[in-house]
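See below for data-v9.cif, which holds mmCIF, C-alpha atoms and all ligand atoms; chains and numbers go by the auth columns.
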data_target
loop_
_atom_site.group_PDB
_atom_site.id
_atom_site.type_symbol
_atom_site.label_atom_id
_atom_site.label_comp_id
_atom_site.label_asym_id
_atom_site.label_seq_id
_atom_site.Cartn_x
_atom_site.Cartn_y
_atom_site.Cartn_z
_atom_site.B_iso_or_equiv
_atom_site.auth_seq_id
_atom_site.auth_asym_id
ATOM 1 C CA MET A 1 1.339 26.997 -14.891 0.00 1 A
ATOM 2 C CA THR A 2 3.061 23.755 -15.737 0.00 2 A
ATOM 3 C CA LYS A 3 3.963 21.290 -13.067 0.00 3 A
ATOM 4 C CA SER A 4 6.212 18.297 -13.095 0.00 4 A
ATOM 5 C CA CYS A 5 4.531 14.962 -13.518 0.00 5 A
ATOM 6 C CA PRO A 6 3.787 13.038 -10.288 0.00 6 A
ATOM 7 C CA CYS A 7 5.538 9.976 -11.778 0.00 7 A
ATOM 8 C CA GLN A 8 8.854 11.887 -11.532 0.00 8 A
ATOM 9 C CA SER A 9 9.853 11.301 -15.129 0.00 9 A
ATOM 10 C CA GLY A 10 11.271 14.822 -15.211 0.00 10 A
ATOM 11 C CA LEU A 11 8.646 15.861 -17.761 0.00 11 A
ATOM 12 C CA VAL A 12 5.712 18.159 -17.158 0.00 12 A
ATOM 13 C CA TYR A 13 2.381 16.450 -16.525 0.00 13 A
ATOM 14 C CA GLU A 14 0.934 17.673 -19.841 0.00 14 A
ATOM 15 C CA ALA A 15 3.754 15.967 -21.766 0.00 15 A
ATOM 16 C CA CYS A 16 3.803 12.805 -19.691 0.00 16 A
ATOM 17 C CA CYS A 17 0.873 11.104 -17.955 0.00 17 A
ATOM 18 C CA GLN A 18 -1.932 13.540 -18.775 0.00 18 A
ATOM 19 C CA PRO A 19 -2.535 12.306 -22.359 0.00 19 A
ATOM 20 C CA LEU A 20 -2.880 8.766 -20.995 0.00 20 A
ATOM 21 C CA HIS A 21 -5.278 9.951 -18.305 0.00 21 A
ATOM 22 C CA LEU A 22 -7.297 11.532 -21.104 0.00 22 A
ATOM 23 C CA GLY A 23 -7.486 8.284 -23.062 0.00 23 A
ATOM 24 C CA ALA A 24 -4.351 7.986 -25.202 0.00 24 A
ATOM 25 C CA ALA A 25 -2.833 4.520 -25.469 0.00 25 A
ATOM 26 C CA ALA A 26 0.337 3.940 -23.443 0.00 26 A
ATOM 27 C CA ALA A 27 3.389 3.291 -25.600 0.00 27 A
ATOM 28 C CA SER A 28 4.818 0.694 -23.217 0.00 28 A
ATOM 29 C CA PRO A 29 4.042 -1.171 -19.992 0.00 29 A
ATOM 30 C CA GLU A 30 6.337 1.278 -18.208 0.00 30 A
ATOM 31 C CA SER A 31 4.423 4.331 -19.373 0.00 31 A
ATOM 32 C CA LEU A 32 1.151 2.701 -18.350 0.00 32 A
ATOM 33 C CA MET A 33 2.641 1.873 -14.959 0.00 33 A
ATOM 34 C CA ARG A 34 3.847 5.470 -14.574 0.00 34 A
ATOM 35 C CA SER A 35 0.422 6.816 -15.501 0.00 35 A
ATOM 36 C CA ARG A 36 -1.150 4.531 -12.892 0.00 36 A
ATOM 37 C CA TYR A 37 1.286 5.758 -10.229 0.00 37 A
ATOM 38 C CA SER A 38 0.357 9.343 -11.159 0.00 38 A
ATOM 39 C CA ALA A 39 -3.312 8.379 -10.988 0.00 39 A
ATOM 40 C CA PHE A 40 -2.796 6.982 -7.482 0.00 40 A
ATOM 41 C CA ALA A 41 -1.006 10.206 -6.516 0.00 41 A
ATOM 42 C CA MET A 42 -3.838 12.321 -7.951 0.00 42 A
ATOM 43 C CA GLY A 43 -6.741 10.156 -6.787 0.00 43 A
ATOM 44 C CA LEU A 44 -7.931 9.317 -10.321 0.00 44 A
ATOM 45 C CA ASN A 45 -9.800 6.138 -9.439 0.00 45 A
ATOM 46 C CA ASP A 46 -11.681 6.012 -12.740 0.00 46 A
ATOM 47 C CA TYR A 47 -8.418 5.844 -14.626 0.00 47 A
ATOM 48 C CA LEU A 48 -7.032 3.182 -12.283 0.00 48 A
ATOM 49 C CA LEU A 49 -10.066 1.004 -12.939 0.00 49 A
ATOM 50 C CA LYS A 50 -10.045 1.671 -16.662 0.00 50 A
ATOM 51 C CA SER A 51 -6.375 0.686 -16.994 0.00 51 A
ATOM 52 C CA TRP A 52 -6.913 -2.478 -14.942 0.00 52 A
ATOM 53 C CA HIS A 53 -7.518 -5.632 -16.980 0.00 53 A
ATOM 54 C CA ALA A 54 -11.152 -6.751 -16.817 0.00 54 A
ATOM 55 C CA SER A 55 -10.147 -10.207 -15.523 0.00 55 A
ATOM 56 C CA THR A 56 -8.529 -8.829 -12.350 0.00 56 A
ATOM 57 C CA ARG A 57 -10.176 -5.418 -11.954 0.00 57 A
ATOM 58 C CA PRO A 58 -11.826 -4.761 -8.579 0.00 58 A
ATOM 59 C CA ALA A 59 -15.421 -3.553 -8.596 0.00 59 A
ATOM 60 C CA SER A 60 -14.379 -0.263 -7.047 0.00 60 A
ATOM 61 C CA LEU A 61 -11.496 1.414 -5.270 0.00 61 A
ATOM 62 C CA PRO A 62 -11.714 3.115 -1.897 0.00 62 A
ATOM 63 C CA HIS A 63 -11.423 6.874 -1.894 0.00 63 A
ATOM 64 C CA ASP A 64 -8.006 7.292 -0.307 0.00 64 A
ATOM 65 C CA GLU A 65 -7.277 10.705 1.133 0.00 65 A
ATOM 66 C CA ILE A 66 -4.610 9.518 3.557 0.00 66 A
ATOM 67 C CA THR A 67 -1.866 8.078 1.376 0.00 67 A
ATOM 68 C CA ARG A 68 0.507 10.567 -0.157 0.00 68 A
ATOM 69 C CA TRP A 69 2.664 9.097 -2.915 0.00 69 A
ATOM 70 C CA LYS A 70 6.146 10.529 -2.662 0.00 70 A
ATOM 71 C CA ARG A 71 8.498 8.681 -4.920 0.00 71 A
ATOM 72 C CA LEU A 72 8.574 6.276 -7.830 0.00 72 A
ATOM 73 C CA GLU A 73 11.619 4.334 -8.971 0.00 73 A
ATOM 74 C CA VAL A 74 11.295 2.088 -11.990 0.00 74 A
ATOM 75 C CA CYS A 75 13.969 -0.596 -11.562 0.00 75 A
ATOM 76 C CA SER A 76 13.396 -2.424 -14.830 0.00 76 A
ATOM 77 C CA SER A 77 10.735 -3.000 -17.438 0.00 77 A
ATOM 78 C CA HIS A 78 10.301 -5.148 -20.495 0.00 78 A
ATOM 79 C CA GLU A 79 7.710 -6.247 -22.983 0.00 79 A
ATOM 80 C CA GLU A 80 7.408 -9.163 -25.335 0.00 80 A
ATOM 81 C CA GLY A 81 4.509 -9.261 -27.716 0.00 81 A
ATOM 82 C CA ASN A 82 1.363 -8.606 -25.708 0.00 82 A
ATOM 83 C CA ALA A 83 2.947 -9.253 -22.303 0.00 83 A
ATOM 84 C CA GLY A 84 4.863 -6.794 -20.163 0.00 84 A
ATOM 85 C CA ALA A 85 6.451 -6.534 -16.734 0.00 85 A
ATOM 86 C CA VAL A 86 7.667 -3.625 -14.636 0.00 86 A
ATOM 87 C CA HIS A 87 9.701 -3.867 -11.453 0.00 87 A
ATOM 88 C CA PHE A 88 9.282 -0.736 -9.359 0.00 88 A
ATOM 89 C CA ARG A 89 9.540 0.759 -5.905 0.00 89 A
ATOM 90 C CA ALA A 90 7.077 3.335 -4.675 0.00 90 A
ATOM 91 C CA THR A 91 7.351 5.347 -1.482 0.00 91 A
ATOM 92 C CA CYS A 92 4.354 6.764 0.309 0.00 92 A
ATOM 93 C CA GLU A 93 3.543 8.517 3.536 0.00 93 A
ATOM 94 C CA GLU A 94 0.437 7.938 5.609 0.00 94 A
ATOM 95 C CA GLN A 95 -0.118 10.256 8.519 0.00 95 A
ATOM 96 C CA GLY A 96 3.575 10.457 9.367 0.00 96 A
ATOM 97 C CA ARG A 97 4.375 6.799 8.687 0.00 97 A
ATOM 98 C CA TRP A 98 6.489 5.940 5.648 0.00 98 A
ATOM 99 C CA PHE A 99 6.233 2.828 3.532 0.00 99 A
ATOM 100 C CA LEU A 100 8.216 1.383 0.658 0.00 100 A
ATOM 101 C CA LEU A 101 6.252 -0.818 -1.695 0.00 101 A
ATOM 102 C CA GLU A 102 8.156 -3.014 -4.110 0.00 102 A
ATOM 103 C CA GLU A 103 6.365 -4.942 -6.805 0.00 103 A
ATOM 104 C CA HIS A 104 6.875 -6.735 -10.093 0.00 104 A
ATOM 105 C CA SER A 105 3.710 -5.856 -11.984 0.00 105 A
ATOM 106 C CA LEU A 106 2.429 -7.797 -14.963 0.00 106 A
ATOM 107 C CA PHE A 107 0.726 -6.143 -17.913 0.00 107 A
ATOM 108 C CA CYS A 108 -0.983 -7.317 -21.063 0.00 108 A
ATOM 109 C CA LYS A 109 -1.921 -5.624 -24.310 0.00 109 A
ATOM 110 C CA GLU A 110 -5.351 -5.852 -25.887 0.00 110 A
ATOM 111 C CA SER A 111 -6.611 -3.831 -28.860 0.00 111 A
ATOM 112 C CA GLU A 112 -3.412 -1.740 -28.761 0.00 112 A
ATOM 113 C CA HIS A 113 -3.969 -0.746 -25.124 0.00 113 A
ATOM 114 C CA TRP A 114 -1.854 -1.899 -22.211 0.00 114 A
ATOM 115 C CA PHE A 115 -3.619 -3.026 -19.037 0.00 115 A
ATOM 116 C CA TYR A 116 -2.394 -3.753 -15.544 0.00 116 A
ATOM 117 C CA LEU A 117 -2.937 -7.419 -14.777 0.00 117 A
ATOM 118 C CA LYS A 118 -1.550 -8.215 -11.320 0.00 118 A
ATOM 119 C CA ALA A 119 1.530 -8.440 -9.158 0.00 119 A
ATOM 120 C CA ASP A 120 3.851 -11.266 -10.194 0.00 120 A
ATOM 121 C CA ALA A 121 3.412 -13.764 -7.353 0.00 121 A
ATOM 122 C CA ASP A 122 6.684 -15.508 -8.220 0.00 122 A
ATOM 123 C CA LYS A 123 8.780 -12.411 -7.581 0.00 123 A
ATOM 124 C CA PRO A 124 9.545 -10.685 -4.295 0.00 124 A
ATOM 125 C CA HIS A 125 6.809 -8.307 -3.269 0.00 125 A
ATOM 126 C CA GLN A 126 7.022 -6.272 -0.143 0.00 126 A
ATOM 127 C CA ASN A 127 5.589 -3.399 1.766 0.00 127 A
ATOM 128 C CA THR A 128 8.177 -2.240 4.277 0.00 128 A
ATOM 129 C CA GLU A 129 7.753 0.463 6.858 0.00 129 A
ATOM 130 C CA LEU A 130 10.581 2.998 6.753 0.00 130 A
ATOM 131 C CA HIS A 131 11.786 4.827 9.814 0.00 131 A
ATOM 132 C CA PRO A 132 13.632 7.866 8.504 0.00 132 A
ATOM 133 C CA GLY A 133 15.779 9.602 11.121 0.00 133 A
ATOM 134 C CA ARG A 134 15.888 13.392 11.207 0.00 134 A
ATOM 135 C CA ASN A 135 19.390 13.449 9.695 0.00 135 A
ATOM 136 C CA ASP A 136 18.759 10.727 7.120 0.00 136 A
ATOM 137 C CA VAL A 137 18.301 11.458 3.434 0.00 137 A
ATOM 138 C CA CYS A 138 14.593 12.115 2.885 0.00 138 A
ATOM 139 C CA PRO A 139 12.769 9.043 1.517 0.00 139 A
ATOM 140 C CA CYS A 140 10.963 11.286 -1.017 0.00 140 A
ATOM 141 C CA GLY A 141 14.163 11.255 -3.093 0.00 141 A
ATOM 142 C CA SER A 142 14.916 14.979 -2.804 0.00 142 A
ATOM 143 C CA ARG A 143 18.487 14.295 -1.535 0.00 143 A
ATOM 144 C CA SER A 144 17.827 16.732 1.345 0.00 144 A
ATOM 145 C CA LYS A 145 17.920 15.673 4.951 0.00 145 A
ATOM 146 C CA PHE A 146 14.599 14.408 6.236 0.00 146 A
ATOM 147 C CA LYS A 147 14.404 17.151 8.881 0.00 147 A
ATOM 148 C CA LYS A 148 14.845 19.817 6.182 0.00 148 A
ATOM 149 C CA CYS A 149 12.359 18.236 3.781 0.00 149 A
ATOM 150 C CA CYS A 150 9.257 16.129 4.417 0.00 150 A
ATOM 151 C CA GLY A 151 10.092 15.642 8.111 0.00 151 A
ATOM 152 C CA ARG A 152 9.855 19.325 8.928 0.00 152 A
HETATM 153 ZN ZN ZN B . 4.202 10.922 -15.791 0.00 201 B
HETATM 154 ZN ZN ZN B . 11.210 14.916 1.314 0.00 202 B
#
Could I get this file's structure written as structure tokens?
Ligand SMILES: [Zn+2]
Ligand SMILES: [Zn+2]
Amino acid sequence: MTKSCPCQSGLVYEACCQPLHLGAAAASPESLMRSRYSAFAMGLNDYLLKSWHASTRPASLPHDEITRWKRLEVCSSHEEGNAGAVHFRATCEEQGRWFLLEEHSLFCKESEHWFYLKADADKPHQNTELHPGRNDVCPCGSRSKFKKCCGR
């Protein structure tokens, strides 16, 4: 069975983030960012660490079974030489509470591989709690009402 990629590119996982998770080089900062979002959604901590630049990489990542990643929106992305940046919004749910994370991430390329560097401290970065009402559009991006989707 094929399933759509967690990064919501519209492609199936096998044609999108899986090759990167298996070691292929990302073609752009955006595809690396998408593969990292998918890795967060799937709990692939090894991949998250591997795609993190050695200069900023944490020693380990907590095993997170609470956060459920629901939506990714890439607002813009660009690359110039060995530097890249991606502005994105990600929506997650933690035990019934909803959060919208917005970040401008910085990336760099080394030996033909892109790595996540850090959040751009000069750009707005926020983690906002959402309070979806039962009749609001679901924050997962399905276009259904919250009460008929994730809020059921
Ligand atoms: Zn993907
Ligand atoms: Zn939903």
Subject >> Residues in the PyMOL selection byres (((not hetatm)) within 12 of (chain B and resi 201)), expressed as a ChimeraX atom specification >> reply: /A:3-21,26,30-42,71-72,74
Original post:
In Å to one decimal, how far is CA of Lys70 (chain A) from CA of Gly84 (chain A)?
Top reply: 24.7 Å
Original post:
What does the PyMOL selection byres (((chain A and resi 119) around 8) and not hetatm) select in this file, as a list of chain:residue names?
Top reply: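 Selected by the PyMOL selection byres (((chain A and resi 119) around 8) and not hetatm) here: A:Glu103, A:His104, A:Ser105, A:Leu106, A:Leu117, A:Lys118, A:Asp120, A:Ala121, A:His125.
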Subject >> Explicit residues for the PyMOL selection byres (((not hetatm)) within 8 of (chain B and resi 202)) (as JSON, numbers by chain) >> reply: {"A": [70, 138, 139, 140, 141, 142, 143, 144, 145, 146, 148, 149, 150, 151]}
Original post:
So which residues touch Ala27 (chain A) within 10 Å, counting only C-alpha atoms, skipping near sequence neighbours fewer than 6 positions away, as an NGL selection string?
Top reply: :A and (20 or 112-114)
Subject >> Polymer residues at most 9 Å from Glu102 (chain A), all atoms listed in the file, same-chain spacing of 3 or more positions, as a list in words >> reply: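 Returned residues: His87, Phe88, Arg89, Ala90, Thr91, Pro124, His125, Gln126, Asn127 and Thr128 of chain A.
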Let's have the selection written as a short mmCIF file (atom, residue, chain, number, x, y, z; two decimals), in the frame of the given file, with C-alpha atoms.
data_model
loop_
_atom_site.label_atom_id
_atom_site.label_comp_id
_atom_site.auth_asym_id
_atom_site.auth_seq_id
_atom_site.Cartn_x
_atom_site.Cartn_y
_atom_site.Cartn_z
CA HIS A 87 9.70 -3.87 -11.45
CA PHE A 88 9.28 -0.74 -9.36
CA ARG A 89 9.54 0.76 -5.90
CA ALA A 90 7.08 3.34 -4.68
CA THR A 91 7.35 5.35 -1.48
CA PRO A 124 9.54 -10.68 -4.30
CA HIS A 125 6.81 -8.31 -3.27
CA GLN A 126 7.02 -6.27 -0.14
CA ASN A 127 5.59 -3.40 1.77
CA THR A 128 8.18 -2.24 4.28
#
Subject >> Separation of CA of Ser28 (chain A) from CA of His78 (chain A), in Å and rounded to one decimal >> reply: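 Going from CA of Ser28 (chain A) over to CA of His78 (chain A) covers 8.5 Å.
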Original post:
What does the distance from CA of Tyr116 (chain A) to CA of Ala54 (chain A) come to in Å, to one decimal?
Top reply: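 So the two atoms, CA of Tyr116 (chain A) and CA of Ala54 (chain A), lie 9.3 Å apart.
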Contacts of Ser60 (chain A) at 10 Å (only C-alpha atoms; same-chain gap of 4+ positions) as a JSON list (two decimals) with C-alpha atoms, in the coordinates of the input:
[["chain", "number", "residue", "atom", "x", "y", "z"],
["A", 45, "ASN", "CA", -9.80, 6.14, -9.44],
["A", 46, "ASP", "CA", -11.68, 6.01, -12.74],
["A", 48, "LEU", "CA", -7.03, 3.18, -12.28],
["A", 49, "LEU", "CA", -10.07, 1.00, -12.94]]
Write out as lines of an AutoDock Vina configuration file an axis-aligned box for region 70-85 of chain A: all of its atoms listed in the file, 5 Å added on each side, centre and edge lengths in Å with one decimal.
center_x = 7.7
center_y = 0.6
center_z = -15.2
size_x = 22.6
size_y = 29.8
size_z = 35.1
Original post:
Of the candidates A:Gln95, A:Ser111, A:Thr2, A:Thr56, which one gets nearest to Trp69 (chain A) if we count all atoms listed in the file?
Top reply: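 Nearest to Trp69 (chain A): A:Gln95.
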**OP:** Check the smallest atom-to-atom distance from each of A:Lys123, A:Ala24, A:Asn82, A:Glu129 to Leu101 (chain A) using all atoms listed in the file, then report the winner.
**Re:** A:Glu129
**OP:** Write out as a PyMOL selection string which residues come within 8 Å of Arg68 (chain A) when counting all atoms listed in the file, dropping same-chain ones fewer than 5 positions away.
**Re:** chain A and resi 41+92-94
Subject >> Distance criterion (only C-alpha atoms): nearest to Ile66 (chain A) out of A:Leu100, A:Ala85, A:Phe115, A:Gly43 >> reply: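 Looking only at the distances to Ile66 (chain A), the closest residue turns out to be A:Gly43.
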Subject >> Proximity to Trp98 (chain A) - best of A:Arg134, A:Glu110, A:Thr67, A:Ser76, only C-alpha atoms >> reply: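 Using only C-alpha atoms, Trp98 (chain A) sits closest to A:Thr67.
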Original post:
Hey, which of A:Lys109, A:His131, A:Asp64, A:Asp136 ends up closest to Trp52 (chain A)? Count all atoms listed in the file.
Top reply: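 Under the stated criterion, the closest residue is A:Lys109.
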